[in-house]
$ cat work-v7.cif   # mmCIF, C-alpha atoms
data_target
#
loop_
_atom_site.group_PDB
_atom_site.id
_atom_site.type_symbol
_atom_site.label_atom_id
_atom_site.label_comp_id
_atom_site.auth_asym_id
_atom_site.auth_seq_id
_atom_site.Cartn_x
_atom_site.Cartn_y
_atom_site.Cartn_z
ATOM 1 C CA GLN A 4 -15.592 -11.013 -29.669
ATOM 2 C CA ALA A 5 -18.810 -12.428 -31.074
ATOM 3 C CA HIS A 6 -21.954 -10.436 -30.535
ATOM 4 C CA LEU A 7 -24.291 -12.391 -32.775
ATOM 5 C CA VAL A 8 -26.562 -14.776 -30.912
ATOM 6 C CA GLU A 9 -28.488 -17.433 -32.823
ATOM 7 C CA SER A 10 -31.527 -19.376 -31.708
ATOM 8 C CA GLY A 11 -34.199 -21.608 -33.190
ATOM 9 C CA GLY A 12 -32.243 -24.702 -34.161
ATOM 10 C CA GLY A 13 -33.328 -28.194 -33.226
ATOM 11 C CA LEU A 14 -34.542 -31.566 -34.447
ATOM 12 C CA VAL A 15 -37.296 -31.748 -37.046
ATOM 13 C CA GLN A 16 -38.674 -34.398 -39.349
ATOM 14 C CA ALA A 17 -38.204 -34.163 -43.099
ATOM 15 C CA GLY A 18 -40.798 -31.849 -44.604
ATOM 16 C CA GLY A 19 -40.998 -29.753 -41.458
ATOM 17 C CA SER A 20 -40.058 -26.143 -40.811
ATOM 18 C CA LEU A 21 -37.792 -24.193 -38.515
ATOM 19 C CA ARG A 22 -37.140 -20.497 -38.073
ATOM 20 C CA LEU A 23 -33.679 -19.376 -37.047
ATOM 21 C CA SER A 24 -33.141 -16.011 -35.405
ATOM 22 C CA CYS A 25 -29.980 -13.988 -34.949
ATOM 23 C CA VAL A 26 -29.610 -10.877 -32.839
ATOM 24 C CA ASP A 27 -26.668 -8.501 -32.725
ATOM 25 C CA SER A 28 -26.259 -7.956 -29.012
ATOM 26 C CA GLY A 29 -23.269 -5.631 -29.304
ATOM 27 C CA ILE A 30 -23.144 -1.875 -29.335
ATOM 28 C CA SER A 31 -25.196 -0.139 -31.967
ATOM 29 C CA ARG A 32 -23.318 -0.330 -35.244
ATOM 30 C CA THR A 33 -23.933 -0.520 -38.946
ATOM 31 C CA LEU A 34 -24.356 -4.023 -40.311
ATOM 32 C CA TYR A 35 -23.876 -3.660 -44.036
ATOM 33 C CA ARG A 36 -24.834 -7.213 -44.798
ATOM 34 C CA MET A 37 -26.057 -10.160 -42.767
ATOM 35 C CA GLY A 38 -26.215 -13.778 -43.728
ATOM 36 C CA TRP A 39 -26.559 -17.406 -42.776
ATOM 37 C CA PHE A 40 -23.892 -20.012 -43.405
ATOM 38 C CA ARG A 41 -24.042 -23.720 -42.732
ATOM 39 C CA GLN A 42 -21.477 -26.430 -42.221
ATOM 40 C CA ALA A 43 -22.154 -30.156 -42.267
ATOM 41 C CA PRO A 44 -19.637 -32.624 -40.775
ATOM 42 C CA GLY A 45 -16.635 -33.052 -43.046
ATOM 43 C CA LYS A 46 -17.785 -30.311 -45.423
ATOM 44 C CA GLU A 47 -16.906 -26.702 -46.032
ATOM 45 C CA ARG A 48 -18.918 -23.828 -44.653
ATOM 46 C CA ASP A 49 -21.327 -22.563 -47.310
ATOM 47 C CA LEU A 50 -23.176 -19.275 -47.569
ATOM 48 C CA VAL A 51 -26.885 -20.129 -47.583
ATOM 49 C CA ALA A 52 -28.528 -16.729 -47.881
ATOM 50 C CA SER A 53 -27.662 -13.102 -47.304
ATOM 51 C CA ILE A 54 -29.398 -9.764 -47.096
ATOM 52 C CA THR A 55 -28.212 -6.206 -47.709
ATOM 53 C CA GLY A 56 -30.680 -3.608 -46.579
ATOM 54 C CA SER A 57 -33.913 -5.168 -47.752
ATOM 55 C CA GLN A 58 -32.421 -7.006 -50.711
ATOM 56 C CA ALA A 59 -32.350 -10.733 -49.969
ATOM 57 C CA VAL A 60 -30.404 -13.325 -51.928
ATOM 58 C CA ASN A 61 -30.524 -17.112 -51.724
ATOM 59 C CA ASP A 62 -26.898 -17.946 -52.389
ATOM 60 C CA LEU A 63 -27.308 -21.719 -52.303
ATOM 61 C CA ASP A 64 -29.272 -23.270 -55.178
ATOM 62 C CA SER A 65 -30.411 -26.242 -53.103
ATOM 63 C CA VAL A 66 -32.433 -24.025 -50.752
ATOM 64 C CA LYS A 67 -34.100 -21.764 -53.275
ATOM 65 C CA ASP A 68 -37.895 -21.750 -52.937
ATOM 66 C CA ARG A 69 -37.545 -23.356 -49.485
ATOM 67 C CA PHE A 70 -35.541 -20.897 -47.358
ATOM 68 C CA THR A 71 -36.238 -17.192 -46.881
ATOM 69 C CA ILE A 72 -33.957 -14.687 -45.198
ATOM 70 C CA SER A 73 -35.327 -11.476 -43.710
ATOM 71 C CA ARG A 74 -34.276 -8.708 -41.354
ATOM 72 C CA GLY A 75 -36.076 -7.221 -38.404
ATOM 73 C CA ASN A 76 -37.210 -3.604 -38.420
ATOM 74 C CA GLY A 77 -34.260 -2.536 -36.295
ATOM 75 C CA ARG A 78 -31.815 -4.047 -38.825
ATOM 76 C CA SER A 79 -29.886 -5.788 -36.020
ATOM 77 C CA THR A 80 -31.918 -8.984 -36.300
ATOM 78 C CA VAL A 81 -31.958 -11.496 -39.116
ATOM 79 C CA TYR A 82 -34.139 -14.544 -39.613
ATOM 80 C CA LEU A 83 -33.969 -17.661 -41.734
ATOM 81 C CA GLN A 84 -37.292 -19.338 -42.391
ATOM 82 C CA MET A 85 -36.653 -22.910 -43.496
ATOM 83 C CA ASN A 86 -39.507 -24.891 -45.030
ATOM 84 C CA SER A 87 -39.707 -28.359 -46.583
ATOM 85 C CA LEU A 88 -36.575 -29.371 -44.738
ATOM 86 C CA LYS A 89 -34.573 -32.324 -46.006
ATOM 87 C CA PRO A 90 -32.049 -34.582 -44.238
ATOM 88 C CA GLU A 91 -29.296 -32.991 -46.340
ATOM 89 C CA ASP A 92 -30.074 -29.654 -44.664
ATOM 90 C CA THR A 93 -28.633 -31.067 -41.448
ATOM 91 C CA ALA A 94 -25.742 -28.839 -40.370
ATOM 92 C CA VAL A 95 -24.597 -26.243 -37.906
ATOM 93 C CA TYR A 96 -26.010 -22.913 -39.029
ATOM 94 C CA TYR A 97 -24.025 -19.754 -38.373
ATOM 95 C CA CYS A 98 -25.168 -16.171 -38.451
ATOM 96 C CA ALA A 99 -22.627 -13.707 -39.811
ATOM 97 C CA ALA A 100 -22.393 -10.002 -40.498
ATOM 98 C CA GLN A 101 -20.250 -7.485 -42.315
ATOM 99 C CA THR A 102 -19.518 -4.435 -40.198
ATOM 100 C CA ASN A 103 -17.404 -2.986 -42.985
ATOM 101 C CA PRO A 104 -18.314 -1.844 -46.500
ATOM 102 C CA PHE A 105 -15.568 -3.967 -48.083
ATOM 103 C CA GLY A 106 -17.372 -7.285 -48.273
ATOM 104 C CA SER A 107 -15.652 -9.347 -45.584
ATOM 105 C CA TRP A 108 -17.615 -11.380 -43.056
ATOM 106 C CA ASP A 109 -16.018 -10.176 -39.828
ATOM 107 C CA THR A 110 -18.565 -11.028 -37.160
ATOM 108 C CA TRP A 111 -19.902 -14.497 -36.384
ATOM 109 C CA GLY A 112 -22.293 -16.231 -34.039
ATOM 110 C CA GLN A 113 -21.548 -19.442 -32.181
ATOM 111 C CA GLY A 114 -23.756 -21.578 -34.411
ATOM 112 C CA THR A 115 -26.957 -23.514 -33.882
ATOM 113 C CA GLN A 116 -27.505 -27.168 -34.766
ATOM 114 C CA VAL A 117 -30.252 -28.117 -37.201
ATOM 115 C CA THR A 118 -30.964 -31.833 -37.562
ATOM 116 C CA VAL A 119 -33.501 -33.146 -40.048
ATOM 117 C CA SER A 120 -34.542 -36.765 -39.621
ATOM 118 C CA SER A 121 -35.821 -38.885 -42.496
#
$ encode --input "work-v7.cif" --output "structure tokens"
Amino acid sequence: QAHLVESGGGLVQAGGSLRLSCVDSGISRTLYRMGWFRQAPGKERDLVASITGSQAVNDLDSVKDRFTISRGNGRSTVYLQMNSLKPEDTAVYYCAAQTNPFGSWDTWGQGTQVTVSS
């Protein structure tokens, strides 16, 4: 049962910005790691960025220096600030979390569509 709720997707022109938000609406629990994945039509789902505690990592080379992941103070919220968006960033973006210390992504949101027009 998904408890991650994403928001902030939409349509934006190339060069624009969007900020995605994800909130864990379930019972209070430890989220060891949170991250954002994306999946374009006909392509695999890729890990874009992840954060453990306050340590953030851009896992996808194509978004480095453009995307920034961060967590809210309560640790149950994660954001993805996306700047200088390109048409190739168009995808469904999924929030995910690890509720276990073993490294598996076991909790997912429903996804939010991001469309970048040229």
$ closest_residue --input "work-v7.cif" --among "A:Gly11, A:Gly29, A:Gly38, A:Gly45" --to "Val81 in chain A" --atoms "only C-alpha atoms"
A:Gly38
$ atom_distance --input "work-v7.cif" --atom1 "CA of Ile54 in chain A" --atom2 "CA of Trp39 in chain A"
9.2 Å
$ closest_residue --input "work-v7.cif" --among "A:Ala100, A:Val95, A:Val8, A:Ala43" --to "Ser24 in chain A" --atoms "only C-alpha atoms"
A:Val8
$ resolve_selection --input "work-v7.cif" --expression "the PyMOL selection byres ((chain A and resi 84-93) around 10)" --output "JSON, numbers by chain"
{"A": [11, 13, 14, 15, 16, 17, 18, 19, 20, 21, 22, 23, 24, 41, 42, 43, 44, 65, 66, 68, 69, 70, 71, 72, 73, 82, 83, 94, 95, 96, 116, 117, 118, 119, 120, 121]}
$ closest_residue --input "work-v7.cif" --among "A:Asp49, A:Asp27, A:Asp109, A:Asp62" --to "Arg74 in chain A" --atoms "all atoms listed in the file"
A:Asp27
$ closest_residue --input "work-v7.cif" --among "A:Asn76, A:Val60, A:Ala52, A:Arg36" --to "Pro104 in chain A" --atoms "only C-alpha atoms"
A:Arg36
$ closest_residue --input "work-v7.cif" --among "A:Ser79, A:Asn61, A:Thr110, A:Asn103" --to "Cys25 in chain A" --atoms "all atoms listed in the file"
A:Ser79
$ atom_distance --input "work-v7.cif" --atom1 "CA of Val51 in chain A" --atom2 "CA of Gly106 in chain A"
16.0 Å
$ atom_distance --input "work-v7.cif" --atom1 "CA of Phe40 in chain A" --atom2 "CA of Thr115 in chain A"
10.6 Å
$ residues_near_point --input "work-v7.cif" --point "(-29.7, -5.4, -34.6)" --cutoff "8 Å" --atoms "all atoms listed in the file" --output "PyMOL selection string"
chain A and resi 26-28+31+34+75+77-81
$ residues_near_point --input "work-v7.cif" --point "(-29.1, -5.0, -45.7)" --cutoff "7 Å" --atoms "all atoms listed in the file" --output "PyMOL selection string"
chain A and resi 35-37+54-58
$ closest_residue --input "work-v7.cif" --among "A:Thr33, A:Tyr97, A:Ser107, A:Thr102" --to "Gly12 in chain A" --atoms "only C-alpha atoms"
A:Tyr97
$ axis_aligned_box --input "work-v7.cif" --around "range 72-82 of chain A" --padding-each-side "6 Å" --output "JSON"
{"center_x": -33.5, "center_y": -8.6, "center_z": -40.6, "size_x": 19.3, "size_y": 24.2, "size_z": 21.2}
